[in-house]
>>> print(open('upload_11.txt').read())   # compact mmCIF, C-alpha atoms
# COMPACT_ATOMS: atom_id res chain seq x y z
CA MET A 1 -21.50 64.23 -21.12
CA PRO A 2 -22.55 60.68 -22.12
CA GLU A 3 -20.23 59.04 -24.63
CA ILE A 4 -21.81 58.45 -28.04
CA ALA A 5 -20.75 56.30 -31.02
CA ARG A 6 -21.88 57.44 -34.45
CA LEU A 7 -22.66 55.05 -37.28
CA ILE A 8 -23.22 56.29 -40.83
CA LEU A 9 -25.48 54.14 -43.03
CA ASP A 10 -26.84 55.24 -46.40
CA GLY A 11 -25.76 58.79 -45.64
CA LYS A 12 -27.69 58.93 -42.36
CA THR A 13 -25.98 59.18 -38.98
CA TYR A 14 -27.19 57.11 -36.05
CA GLU A 15 -26.14 57.89 -32.51
CA LEU A 16 -25.49 54.82 -30.36
CA PRO A 17 -24.99 55.09 -26.58
CA VAL A 18 -21.72 53.78 -25.15
CA LEU A 19 -22.05 51.77 -21.93
CA THR A 20 -19.20 51.35 -19.45
CA GLY A 21 -19.00 48.49 -16.96
CA THR A 22 -17.65 48.78 -13.43
CA GLU A 23 -14.26 47.43 -14.56
CA GLY A 24 -14.03 49.86 -17.48
CA GLU A 25 -15.32 47.54 -20.20
CA LYS A 26 -17.05 49.47 -22.97
CA ALA A 27 -19.91 48.45 -25.24
CA VAL A 28 -21.78 50.15 -28.06
CA ASP A 29 -25.50 49.80 -27.33
CA ILE A 30 -27.19 48.66 -30.55
CA ARG A 31 -30.51 47.59 -29.06
CA ARG A 32 -32.45 50.15 -31.14
CA LEU A 33 -30.33 49.86 -34.30
CA ARG A 34 -32.69 47.61 -36.28
CA GLU A 35 -35.76 49.56 -35.23
CA GLU A 36 -34.22 52.86 -36.30
CA SER A 37 -32.19 51.84 -39.37
CA GLY A 38 -33.37 48.42 -40.55
CA TYR A 39 -29.84 47.07 -40.13
CA ILE A 40 -28.60 44.35 -37.80
CA THR A 41 -25.05 43.39 -36.84
CA LEU A 42 -23.39 40.10 -37.81
CA ASP A 43 -21.06 38.42 -35.34
CA ASP A 44 -20.51 34.70 -35.93
CA GLY A 45 -20.05 32.91 -32.61
CA TYR A 46 -20.98 36.09 -30.68
CA GLY A 47 -17.28 36.74 -30.00
CA ASN A 48 -17.83 40.51 -29.95
CA THR A 49 -21.44 40.61 -28.78
CA GLY A 50 -22.50 41.37 -25.24
CA SER A 51 -25.61 39.27 -24.66
CA CYS A 52 -26.40 40.74 -21.25
CA GLN A 53 -25.30 42.98 -18.41
CA SER A 54 -24.18 40.81 -15.51
CA ALA A 55 -22.80 41.39 -12.02
CA ILE A 56 -21.65 37.81 -11.41
CA THR A 57 -18.24 37.09 -12.93
CA PHE A 58 -15.49 39.32 -14.32
CA ILE A 59 -12.75 38.09 -16.65
CA ASP A 60 -9.84 40.06 -18.07
CA GLY A 61 -8.29 37.64 -20.51
CA ASP A 62 -5.31 39.85 -21.30
CA GLN A 63 -4.34 40.17 -17.63
CA GLY A 64 -5.31 36.61 -16.62
CA ILE A 65 -7.92 37.81 -14.11
CA LEU A 66 -10.96 35.85 -12.92
CA ARG A 67 -13.24 37.16 -10.17
CA TYR A 68 -16.54 35.95 -8.73
CA ARG A 69 -18.66 38.85 -7.44
CA GLY A 70 -15.49 40.93 -7.10
CA TYR A 71 -13.44 38.29 -5.26
CA ASP A 72 -10.24 37.12 -6.93
CA ILE A 73 -10.20 33.41 -7.77
CA GLN A 74 -6.84 32.98 -6.01
CA GLU A 75 -8.29 34.23 -2.71
CA LEU A 76 -11.38 32.06 -3.03
CA ALA A 77 -9.20 29.04 -3.83
CA GLU A 78 -7.10 29.65 -0.72
CA HIS A 79 -9.81 30.52 1.77
CA SER A 80 -13.27 29.53 0.55
CA THR A 81 -15.21 26.30 0.03
CA PHE A 82 -17.28 25.22 -2.93
CA ILE A 83 -20.53 25.61 -0.99
CA GLU A 84 -19.59 29.07 0.27
CA THR A 85 -18.63 30.00 -3.31
CA ALA A 86 -21.95 28.67 -4.59
CA TRP A 87 -23.81 30.93 -2.14
CA LEU A 88 -21.64 33.87 -3.19
CA LEU A 89 -22.44 33.36 -6.86
CA ILE A 90 -26.18 32.97 -6.34
CA TYR A 91 -26.76 35.68 -3.73
CA GLY A 92 -23.93 38.12 -4.45
CA GLU A 93 -22.27 38.13 -1.02
CA LEU A 94 -20.27 35.70 1.07
CA PRO A 95 -22.60 33.94 3.53
CA THR A 96 -22.68 34.70 7.21
CA VAL A 97 -21.86 31.84 9.57
CA GLU A 98 -25.58 31.22 10.06
CA GLN A 99 -26.29 31.28 6.31
CA ALA A 100 -23.35 28.97 5.53
CA GLU A 101 -24.34 26.43 8.17
CA GLY A 102 -27.99 26.55 7.15
CA PHE A 103 -27.17 26.10 3.46
CA SER A 104 -24.82 23.20 4.20
CA ALA A 105 -27.49 21.52 6.35
CA LEU A 106 -30.07 21.99 3.58
CA LEU A 107 -27.73 20.40 1.03
CA THR A 108 -27.23 17.42 3.35
CA GLU A 109 -30.99 17.13 3.75
CA GLN A 110 -31.57 17.24 -0.01
CA ALA A 111 -28.81 14.79 -1.05
CA MET A 112 -31.13 11.76 -1.27
CA LEU A 113 -32.97 11.00 -4.49
CA HIS A 114 -36.71 10.38 -4.33
CA THR A 115 -37.37 6.62 -4.37
CA ASP A 116 -39.59 7.04 -7.44
CA THR A 117 -36.53 8.41 -9.22
CA LEU A 118 -34.37 5.34 -8.76
CA HIS A 119 -36.20 3.14 -11.25
CA HIS A 120 -35.26 5.58 -14.02
CA PHE A 121 -31.67 4.39 -13.73
CA GLU A 122 -32.86 0.92 -14.70
CA GLY A 123 -34.00 2.28 -18.05
CA PHE A 124 -30.55 3.51 -19.07
CA PRO A 125 -28.20 1.12 -20.88
CA GLU A 126 -25.18 0.01 -18.90
CA HIS A 127 -22.84 2.20 -20.92
CA ALA A 128 -25.11 5.22 -21.22
CA PRO A 129 -23.10 8.47 -21.29
CA PRO A 130 -23.16 9.97 -17.78
CA MET A 131 -23.92 13.42 -19.20
CA ALA A 132 -27.05 12.04 -20.87
CA ILE A 133 -28.15 10.54 -17.56
CA LEU A 134 -27.47 13.78 -15.69
CA SER A 135 -29.44 15.88 -18.18
CA ALA A 136 -32.37 13.45 -18.22
CA MET A 137 -32.52 13.12 -14.45
CA LEU A 138 -32.64 16.88 -13.97
CA ASN A 139 -35.81 16.90 -16.05
CA VAL A 140 -37.15 14.01 -13.98
CA MET A 141 -36.61 16.24 -10.93
CA ALA A 142 -38.75 18.88 -12.62
CA CYS A 143 -41.55 16.33 -12.79
CA GLN A 144 -41.23 15.55 -9.09
CA HIS A 145 -41.23 19.13 -7.85
CA PRO A 146 -44.12 20.96 -9.55
CA GLU A 147 -44.12 23.46 -6.69
CA LEU A 148 -40.72 24.71 -7.91
CA LEU A 149 -41.49 24.98 -11.62
CA LYS A 150 -42.36 28.62 -11.08
CA ILE A 151 -40.10 30.31 -8.57
CA GLU A 152 -41.72 33.38 -7.08
CA ASN A 153 -39.89 33.99 -3.79
CA GLU A 154 -36.54 33.56 -2.04
CA ALA A 155 -37.61 30.42 -0.17
CA GLN A 156 -38.46 28.65 -3.44
CA LEU A 157 -35.18 29.77 -5.01
CA LEU A 158 -33.21 28.49 -2.03
CA MET A 159 -34.96 25.12 -2.11
CA GLY A 160 -34.64 24.73 -5.88
CA SER A 161 -30.95 25.66 -5.78
CA ALA A 162 -30.26 23.29 -2.89
CA LYS A 163 -32.04 20.38 -4.56
CA ILE A 164 -30.09 20.79 -7.80
CA ILE A 165 -26.65 21.49 -6.29
CA SER A 166 -26.99 18.60 -3.84
CA LYS A 167 -28.61 16.02 -6.10
CA VAL A 168 -26.38 16.47 -9.18
CA ARG A 169 -23.53 14.75 -7.32
CA THR A 170 -25.87 11.92 -6.23
CA ILE A 171 -27.08 11.44 -9.80
CA ALA A 172 -23.50 11.50 -11.08
CA ALA A 173 -22.32 8.94 -8.51
CA PHE A 174 -25.28 6.65 -9.22
CA ALA A 175 -24.60 6.85 -12.97
CA TYR A 176 -21.02 5.73 -12.33
CA ARG A 177 -22.11 2.90 -10.02
CA LYS A 178 -24.60 1.66 -12.60
CA SER A 179 -21.90 1.56 -15.29
CA LYS A 180 -19.81 -0.65 -12.98
CA GLY A 181 -22.67 -2.91 -11.93
CA LEU A 182 -22.26 -1.79 -8.31
CA PRO A 183 -24.99 -1.08 -5.74
CA PHE A 184 -25.85 2.54 -5.07
CA ASN A 185 -24.43 4.19 -1.96
CA ASP A 186 -26.77 6.49 -0.08
CA PRO A 187 -25.37 9.90 0.89
CA HIS A 188 -23.69 9.98 4.29
CA PRO A 189 -25.08 12.72 6.57
CA ASP A 190 -21.75 13.24 8.34
CA TYR A 191 -19.74 14.01 5.20
CA LYS A 192 -19.29 17.39 3.56
CA TYR A 193 -20.15 18.03 -0.08
CA CYS A 194 -17.07 16.68 -1.87
CA GLY A 195 -16.35 13.96 0.68
CA ASN A 196 -19.92 12.71 0.33
CA PHE A 197 -19.53 12.52 -3.44
CA LEU A 198 -16.35 10.45 -3.10
CA HIS A 199 -18.14 8.16 -0.65
CA MET A 200 -21.07 7.65 -3.04
CA MET A 201 -18.63 6.97 -5.88
CA PHE A 202 -16.14 4.61 -4.26
CA SER A 203 -17.45 3.00 -1.06
CA ILE A 204 -18.13 -0.72 -1.36
CA PRO A 205 -20.28 -2.93 0.91
CA TYR A 206 -18.79 -3.27 4.40
CA HIS A 207 -15.92 -0.91 3.51
CA HIS A 208 -16.49 2.82 3.36
CA TYR A 209 -14.15 4.90 1.24
CA GLU A 210 -11.74 6.73 3.52
CA VAL A 211 -11.86 10.36 2.49
CA HIS A 212 -8.37 11.88 2.68
CA PRO A 213 -8.75 15.56 3.67
CA ASP A 214 -6.23 16.74 1.07
CA ILE A 215 -7.97 14.85 -1.72
CA GLU A 216 -11.30 16.23 -0.56
CA ARG A 217 -9.75 19.70 -0.58
CA ALA A 218 -8.37 19.16 -4.10
CA LEU A 219 -11.81 18.19 -5.38
CA ASN A 220 -13.30 21.15 -3.55
CA LEU A 221 -10.72 23.34 -5.32
CA PHE A 222 -11.63 21.85 -8.69
CA MET A 223 -15.28 22.74 -8.07
CA ILE A 224 -14.48 26.32 -7.05
CA LEU A 225 -12.37 26.89 -10.17
CA HIS A 226 -15.18 25.62 -12.41
CA ALA A 227 -18.09 27.29 -10.60
CA ASP A 228 -18.59 30.03 -13.19
CA HIS A 229 -16.83 31.54 -16.18
CA GLU A 230 -18.91 34.38 -17.51
CA GLN A 231 -20.98 33.97 -20.72
CA ASN A 232 -19.54 30.73 -22.07
CA CYS A 233 -21.50 28.34 -24.30
CA SER A 234 -23.35 26.45 -21.55
CA THR A 235 -24.06 29.52 -19.40
CA SER A 236 -25.38 31.42 -22.40
CA THR A 237 -27.54 28.40 -23.16
CA VAL A 238 -29.00 28.46 -19.65
CA ARG A 239 -29.81 32.15 -20.05
CA ILE A 240 -31.36 31.68 -23.50
CA VAL A 241 -33.52 28.79 -22.32
CA GLY A 242 -34.37 30.63 -19.10
CA SER A 243 -35.40 33.73 -21.06
CA ALA A 244 -38.47 31.76 -22.15
CA ARG A 245 -39.29 31.53 -18.40
CA THR A 246 -38.35 27.86 -18.52
CA ASN A 247 -38.08 26.32 -15.07
CA LEU A 248 -34.76 26.11 -13.22
CA PHE A 249 -34.38 22.32 -13.52
CA THR A 250 -34.82 22.27 -17.29
CA SER A 251 -32.66 25.36 -17.83
CA VAL A 252 -29.79 23.73 -15.93
CA SER A 253 -30.39 20.52 -17.90
CA ALA A 254 -29.92 22.55 -21.09
CA GLY A 255 -26.61 23.80 -19.70
CA VAL A 256 -25.52 20.18 -19.17
CA CYS A 257 -26.33 19.40 -22.81
CA ALA A 258 -24.25 22.35 -24.02
CA LEU A 259 -21.35 21.45 -21.75
CA TRP A 260 -21.36 17.91 -23.15
CA GLY A 261 -19.81 19.16 -26.40
CA PRO A 262 -16.11 18.28 -26.83
CA LEU A 263 -15.27 21.91 -27.71
CA HIS A 264 -16.59 23.01 -24.32
CA GLY A 265 -16.69 20.59 -21.40
CA GLY A 266 -14.76 17.75 -23.01
CA ALA A 267 -11.44 19.54 -23.36
CA ASN A 268 -9.85 17.94 -20.27
CA VAL A 269 -10.60 14.48 -21.70
CA GLU A 270 -8.73 15.41 -24.86
CA VAL A 271 -5.73 16.54 -22.81
CA VAL A 272 -5.48 13.21 -20.99
CA GLN A 273 -5.88 11.29 -24.25
CA MET A 274 -3.11 13.36 -25.83
CA LEU A 275 -0.75 12.85 -22.88
CA ASP A 276 -1.49 9.12 -22.84
CA GLU A 277 -0.74 8.93 -26.54
CA ILE A 278 2.62 10.65 -26.02
CA VAL A 279 3.48 8.22 -23.21
CA LYS A 280 2.33 5.26 -25.34
CA THR A 281 4.50 6.22 -28.30
CA GLY A 282 7.54 6.83 -26.09
CA LYS A 283 8.42 9.88 -28.15
CA ASN A 284 10.01 13.01 -26.82
CA PRO A 285 7.36 15.65 -25.94
CA ARG A 286 9.39 18.13 -27.99
CA GLU A 287 8.31 16.28 -31.16
CA PHE A 288 4.67 17.03 -30.35
CA ILE A 289 5.48 20.67 -29.60
CA GLU A 290 7.10 20.95 -33.04
CA ARG A 291 4.14 19.21 -34.70
CA ALA A 292 1.76 21.70 -33.08
CA LYS A 293 3.76 24.56 -34.61
CA ASP A 294 3.50 23.00 -38.08
CA LYS A 295 0.07 24.00 -39.42
CA SER A 296 0.27 21.37 -42.14
CA SER A 297 0.55 18.54 -39.59
CA GLY A 298 -3.09 18.75 -38.53
CA PHE A 299 -2.03 18.12 -34.93
CA LYS A 300 -3.69 20.16 -32.18
CA LEU A 301 -1.99 20.58 -28.84
CA SER A 302 -4.82 20.15 -26.34
CA GLY A 303 -4.79 22.19 -23.13
CA PHE A 304 -2.93 25.23 -24.44
CA GLY A 305 -4.49 28.59 -25.16
CA HIS A 306 -8.00 29.78 -24.38
CA ARG A 307 -10.79 31.58 -26.22
CA VAL A 308 -10.88 34.27 -23.52
CA TYR A 309 -7.48 34.21 -21.77
CA LYS A 310 -4.63 35.73 -23.76
CA ASN A 311 -2.40 35.29 -20.74
CA PHE A 312 -1.81 32.43 -18.30
CA ASP A 313 -5.12 30.90 -17.20
CA PRO A 314 -5.19 31.76 -13.45
CA ARG A 315 -7.05 28.52 -12.71
CA ALA A 316 -4.20 26.49 -14.22
CA ARG A 317 -1.66 27.97 -11.82
CA ILE A 318 -3.83 27.03 -8.84
CA LEU A 319 -4.65 23.53 -10.07
CA LYS A 320 -1.07 22.63 -10.99
CA ALA A 321 0.09 22.72 -7.36
CA SER A 322 -2.93 20.68 -6.27
CA VAL A 323 -2.22 17.99 -8.87
CA GLU A 324 1.34 17.53 -7.63
CA LYS A 325 0.16 17.25 -4.03
CA VAL A 326 -2.55 14.68 -4.78
CA LEU A 327 -0.21 12.46 -6.77
CA LYS A 328 2.15 12.31 -3.80
CA ILE A 329 -0.72 11.39 -1.49
CA VAL A 330 -2.06 8.55 -3.61
CA GLY A 331 1.45 7.28 -4.35
CA ILE A 332 1.13 7.41 -8.11
CA ARG A 333 4.00 8.53 -10.28
CA ASP A 334 1.94 9.45 -13.29
CA LYS A 335 4.04 9.52 -16.45
CA SER A 336 1.39 11.71 -18.03
CA LEU A 337 2.08 14.37 -15.41
CA GLU A 338 5.80 14.20 -16.14
CA VAL A 339 5.03 14.68 -19.82
CA ALA A 340 2.69 17.55 -18.94
CA MET A 341 5.42 19.27 -16.94
CA GLN A 342 7.89 18.86 -19.79
CA MET A 343 5.43 20.20 -22.36
CA GLU A 344 4.58 23.17 -20.17
CA ASP A 345 8.27 23.99 -19.71
CA LEU A 346 8.96 23.64 -23.44
CA ALA A 347 5.98 25.76 -24.45
CA LEU A 348 6.72 28.55 -21.98
CA LYS A 349 10.24 28.87 -23.41
CA ASP A 350 9.29 28.55 -27.07
CA PRO A 351 9.04 31.87 -29.01
CA TYR A 352 6.14 30.46 -31.08
CA PHE A 353 4.00 29.90 -27.97
CA ILE A 354 5.21 33.04 -26.20
CA GLU A 355 4.36 35.32 -29.13
CA ARG A 356 0.89 33.78 -29.45
CA LYS A 357 0.40 33.61 -25.67
CA LEU A 358 -0.48 29.94 -25.81
CA TYR A 359 -0.25 29.11 -22.11
CA PRO A 360 -1.57 25.99 -20.35
CA ASN A 361 -5.24 26.33 -19.40
CA VAL A 362 -7.25 24.73 -16.59
CA ASP A 363 -8.04 21.65 -18.71
CA PHE A 364 -4.35 20.90 -18.96
CA TYR A 365 -4.24 19.85 -15.31
CA SER A 366 -7.82 19.03 -14.35
CA GLY A 367 -7.94 15.71 -16.19
CA ILE A 368 -4.78 14.49 -14.46
CA LEU A 369 -6.17 15.54 -11.08
CA LEU A 370 -9.46 13.72 -11.62
CA ARG A 371 -7.73 10.58 -12.81
CA ALA A 372 -5.43 10.60 -9.79
CA ILE A 373 -8.50 10.71 -7.55
CA GLY A 374 -9.84 7.67 -9.40
CA ILE A 375 -12.52 9.28 -11.53
CA PRO A 376 -12.70 7.77 -15.05
CA ALA A 377 -12.45 9.89 -18.19
CA ASP A 378 -16.11 9.46 -19.13
CA MET A 379 -17.00 11.21 -15.86
CA PHE A 380 -14.71 14.22 -16.37
CA THR A 381 -17.37 16.37 -18.04
CA VAL A 382 -19.88 15.39 -15.36
CA MET A 383 -17.44 16.70 -12.75
CA PHE A 384 -17.26 19.95 -14.70
CA ALA A 385 -21.09 20.09 -14.69
CA ILE A 386 -21.29 19.58 -10.92
CA GLY A 387 -18.85 22.44 -10.40
CA ARG A 388 -20.58 24.74 -12.91
CA THR A 389 -24.08 24.24 -11.46
CA PRO A 390 -23.95 27.26 -9.08
CA GLY A 391 -22.89 29.49 -11.96
CA TRP A 392 -25.80 28.30 -14.09
CA ILE A 393 -28.24 28.88 -11.23
CA SER A 394 -26.87 32.37 -10.51
CA ASN A 395 -27.18 33.38 -14.16
CA TRP A 396 -30.72 31.98 -14.34
CA LYS A 397 -31.62 33.96 -11.20
CA GLU A 398 -30.03 37.15 -12.52
CA LEU A 399 -31.94 36.84 -15.78
CA LEU A 400 -35.18 36.39 -13.84
CA ASP A 401 -34.40 39.37 -11.62
CA GLN A 402 -33.70 41.55 -14.66
CA GLY A 403 -37.03 40.60 -16.22
CA GLY A 404 -35.55 40.60 -19.72
CA ARG A 405 -37.45 39.60 -22.82
CA ILE A 406 -37.09 36.23 -24.54
CA ASN A 407 -33.80 35.86 -26.42
CA ARG A 408 -34.27 35.89 -30.17
CA PRO A 409 -31.10 36.38 -32.29
CA ARG A 410 -31.41 37.60 -35.88
CA GLN A 411 -29.71 36.25 -38.99
CA ILE A 412 -28.55 37.20 -42.47
CA TYR A 413 -30.48 34.96 -44.85
CA THR A 414 -28.33 33.51 -47.68
CA GLY A 415 -30.76 30.97 -49.17
CA LYS A 416 -32.87 30.93 -52.33
CA THR A 417 -35.12 33.84 -53.15
CA LEU A 418 -38.84 33.34 -53.89
CA ARG A 419 -39.49 30.60 -56.46
CA PRO A 420 -42.60 28.71 -57.62
CA TYR A 421 -43.47 25.22 -56.44
CA VAL A 422 -42.55 22.50 -58.96
CA GLY A 423 -44.88 19.54 -59.33
CA ARG A 424 -43.51 16.06 -58.69
CA GLU A 425 -43.73 15.03 -62.35
CA ASP A 426 -41.58 18.00 -63.44
CA ARG A 427 -38.72 17.63 -60.96
>>> encode(input="upload_11.txt", output="structure tokens")
Amino acid sequence: MPEIARLILDGKTYELPVLTGTEGEKAVDIRRLREESGYITLDDGYGNTGSCQSAITFIDGDQGILRYRGYDIQELAEHSTFIETAWLLIYGELPTVEQAEGFSALLTEQAMLHTDTLHHFEGFPEHAPPMAILSAMLNVMACQHPELLKIENEAQLLMGSAKIISKVRTIAAFAYRKSKGLPFNDPHPDYKYCGNFLHMMFSIPYHHYEVHPDIERALNLFMILHADHEQNCSTSTVRIVGSARTNLFTSVSAGVCALWGPLHGGANVEVVQMLDEIVKTGKNPREFIERAKDKSSGFKLSGFGHRVYKNFDPRARILKASVEKVLKIVGIRDKSLEVAMQMEDLALKDPYFIERKLYPNVDFYSGILLRAIGIPADMFTVMFAIGRTPGWISNWKELLDQGGRINRPRQIYTGKTLRPYVGREDR
């Protein structure tokens, strides 16, 4: 017997189907509510609204679970690569050896930017935000590939995905080089995805950047952990824009714009700034923990708690060990990391944080990792975008496959009611 929810409005009962996901999540289906009753629901920020049915990523915030296509993030972090994970997200299954090698070769082939593209970098100011450059250049790519503006088969999807996933790192590296007044480094055909990015970022004339395998692995891990995260702000943006049948390049560009916001992709920058401030003041980290507990202080402890996770962020556990390993490799004793460790220890023992389940999230460690690798703070969100690109593409593809209608939220109007126009002389 199908489960039914009943809603009584103005003395009339409406029966609403109850949907159950494969992991037991339940939702009341209100898709016909307005048509049948004239009512809509109000949910500021969509915190309790399911915008779609998706088979890509599962999160259980209470249990601290994150899975891509059914695979636990811990297993993927231990055994997979970013490129294999990207394929998994887009196509739903881990690639065969032939598929993995073919996809990797295609990414290598597509790493170069079209020569007509390069002059666009000259038009950006020296200190242009890298996220602005990334978003703009994705739309430039749309201009250069009219054959991919309407994707109608698997071959076009594969090529469009490969172009975006491969070229976002090239665009990001070139944006960094421009900001430093350095010549661009062409992609190296012998390097893998993350190693090639580090080469394009840091090699200088007559001296190629030596890619340490553990640092390359750490960056690869960072990308895997950020590859998708269900219906967050930027992913929802990609789906909303894509629902208008907007092309893949522009839909991903819209995701970049949403991620740019400090409440979304900029959180790891805020963590590093906070830790640096603590180190600069020379104060005991406990003072900042106490300030965070005092609501009247106005101080926000960055990197703790999460909108979705009400338990320990599983990505933070994985990244913490990687941060410690990388710092040993590069020979940096980062005082910010020491402060981070102290703050984590204090928070995990403090009843205030325990009761509210305010555990360190992935942003708490990712900024320190990126800085240890040598990536500047203004590139942190770009790194997030590179990692999230497969998730955006997979959600865009899923939306296309589902053939859903254009997204069009409703509202509750609270403005003026009808009033007559007042002539200029009478205002």
>>> closest_atom_pairs(input="upload_11.txt", of="region 277-354 of chain A", to="region 266-269 of chain A", cutoff="12 Å", atoms="only C-alpha atoms", output="CSV")
residue,atom,partner,partner_atom,distance
A:Lys300,CA,A:Ala267,CA,11.8
A:Leu301,CA,A:Ala267,CA,11.0
A:Ser302,CA,A:Ala267,CA,7.3
A:Gly303,CA,A:Ala267,CA,7.2
A:Phe304,CA,A:Ala267,CA,10.3
A:Gly305,CA,A:Ala267,CA,11.6
A:His306,CA,A:Ala267,CA,10.9
A:Ala316,CA,A:Asn268,CA,11.9
>>> residues_around(input="upload_11.txt", residues="region 258-261 of chain A", least_positions_apart="3", cutoff="12 Å", atoms="all atoms listed in the file", output="PDB file with C-alpha atoms, keeping the file's coordinate frame")
ATOM      1  CA  PRO A 129     -23.100   8.470 -21.290  1.00  0.00           C
ATOM      2  CA  PRO A 130     -23.160   9.970 -17.780  1.00  0.00           C
ATOM      3  CA  MET A 131     -23.920  13.420 -19.200  1.00  0.00           C
ATOM      4  CA  ALA A 132     -27.050  12.040 -20.870  1.00  0.00           C
ATOM      5  CA  ILE A 133     -28.150  10.540 -17.560  1.00  0.00           C
ATOM      6  CA  LEU A 134     -27.470  13.780 -15.690  1.00  0.00           C
ATOM      7  CA  SER A 135     -29.440  15.880 -18.180  1.00  0.00           C
ATOM      8  CA  HIS A 226     -15.180  25.620 -12.410  1.00  0.00           C
ATOM      9  CA  ASN A 232     -19.540  30.730 -22.070  1.00  0.00           C
ATOM     10  CA  CYS A 233     -21.500  28.340 -24.300  1.00  0.00           C
ATOM     11  CA  SER A 234     -23.350  26.450 -21.550  1.00  0.00           C
ATOM     12  CA  THR A 235     -24.060  29.520 -19.400  1.00  0.00           C
ATOM     13  CA  SER A 236     -25.380  31.420 -22.400  1.00  0.00           C
ATOM     14  CA  THR A 237     -27.540  28.400 -23.160  1.00  0.00           C
ATOM     15  CA  VAL A 238     -29.000  28.460 -19.650  1.00  0.00           C
ATOM     16  CA  ARG A 239     -29.810  32.150 -20.050  1.00  0.00           C
ATOM     17  CA  ILE A 240     -31.360  31.680 -23.500  1.00  0.00           C
ATOM     18  CA  VAL A 241     -33.520  28.790 -22.320  1.00  0.00           C
ATOM     19  CA  SER A 251     -32.660  25.360 -17.830  1.00  0.00           C
ATOM     20  CA  VAL A 252     -29.790  23.730 -15.930  1.00  0.00           C
ATOM     21  CA  SER A 253     -30.390  20.520 -17.900  1.00  0.00           C
ATOM     22  CA  ALA A 254     -29.920  22.550 -21.090  1.00  0.00           C
ATOM     23  CA  GLY A 255     -26.610  23.800 -19.700  1.00  0.00           C
ATOM     24  CA  HIS A 264     -16.590  23.010 -24.320  1.00  0.00           C
ATOM     25  CA  GLY A 265     -16.690  20.590 -21.400  1.00  0.00           C
ATOM     26  CA  GLY A 266     -14.760  17.750 -23.010  1.00  0.00           C
ATOM     27  CA  ALA A 267     -11.440  19.540 -23.360  1.00  0.00           C
ATOM     28  CA  ASN A 268      -9.850  17.940 -20.270  1.00  0.00           C
ATOM     29  CA  VAL A 269     -10.600  14.480 -21.700  1.00  0.00           C
ATOM     30  CA  GLU A 270      -8.730  15.410 -24.860  1.00  0.00           C
ATOM     31  CA  ASP A 378     -16.110   9.460 -19.130  1.00  0.00           C
ATOM     32  CA  MET A 379     -17.000  11.210 -15.860  1.00  0.00           C
ATOM     33  CA  PHE A 380     -14.710  14.220 -16.370  1.00  0.00           C
ATOM     34  CA  THR A 381     -17.370  16.370 -18.040  1.00  0.00           C
ATOM     35  CA  VAL A 382     -19.880  15.390 -15.360  1.00  0.00           C
ATOM     36  CA  MET A 383     -17.440  16.700 -12.750  1.00  0.00           C
ATOM     37  CA  PHE A 384     -17.260  19.950 -14.700  1.00  0.00           C
ATOM     38  CA  ALA A 385     -21.090  20.090 -14.690  1.00  0.00           C
ATOM     39  CA  ILE A 386     -21.290  19.580 -10.920  1.00  0.00           C
ATOM     40  CA  GLY A 387     -18.850  22.440 -10.400  1.00  0.00           C
ATOM     41  CA  ARG A 388     -20.580  24.740 -12.910  1.00  0.00           C
ATOM     42  CA  THR A 389     -24.080  24.240 -11.460  1.00  0.00           C
ATOM     43  CA  TRP A 392     -25.800  28.300 -14.090  1.00  0.00           C
TER      44      TRP A 392
END
>>> closest_atom_pairs(input="upload_11.txt", of="region 119-208 of chain A", to="region 88-100 of chain A", cutoff="12 Å", atoms="all atoms listed in the file", output="Markdown table")
| residue | atom | partner | partner_atom | distance |
| --- | --- | --- | --- | --- |
| A:Glu154 | CA | A:Tyr91 | CA | 10.1 |
| A:Leu157 | CA | A:Ile90 | CA | 9.6 |
| A:Leu158 | CA | A:Ile90 | CA | 9.4 |
| A:Gly160 | CA | A:Ile90 | CA | 11.8 |
| A:Ser161 | CA | A:Ile90 | CA | 8.7 |
| A:Ala162 | CA | A:Ile90 | CA | 11.1 |
| A:Ile165 | CA | A:Ile90 | CA | 11.5 |
>>> atom_distance(input="upload_11.txt", atom1="CA of Leu138 (chain A)", atom2="CA of Leu106 (chain A)")
18.5 Å
>>> residues_around(input="upload_11.txt", residues="Ile289 (chain A)", least_positions_apart="5", cutoff="8 Å", atoms="only C-alpha atoms", output="list in words")
Leu301, Met343, Leu346 and Ala347 of chain A
>>> decode(input="upload_11.txt", residues="region 417-421 of chain A", atoms="N, CA and C atoms", output="short mmCIF file (atom, residue, chain, number, x, y, z; two decimals), in the first residue's frame")
data_model
loop_
_atom_site.label_atom_id
_atom_site.label_comp_id
_atom_site.auth_asym_id
_atom_site.auth_seq_id
_atom_site.Cartn_x
_atom_site.Cartn_y
_atom_site.Cartn_z
N THR A 417 0.07 46.50 -2.67
CA THR A 417 -1.05 46.06 -3.49
C THR A 417 -1.30 47.11 -4.59
N LEU A 418 -2.27 46.86 -5.46
CA LEU A 418 -2.51 47.73 -6.61
C LEU A 418 -2.74 49.18 -6.17
N ARG A 419 -2.05 50.12 -6.83
CA ARG A 419 -2.21 51.54 -6.54
C ARG A 419 -2.06 52.34 -7.83
N PRO A 420 -2.68 53.52 -7.89
CA PRO A 420 -2.66 54.30 -9.13
C PRO A 420 -1.32 55.01 -9.33
N TYR A 421 -0.99 55.24 -10.57
CA TYR A 421 0.23 55.97 -10.91
C TYR A 421 0.09 57.42 -10.47
#
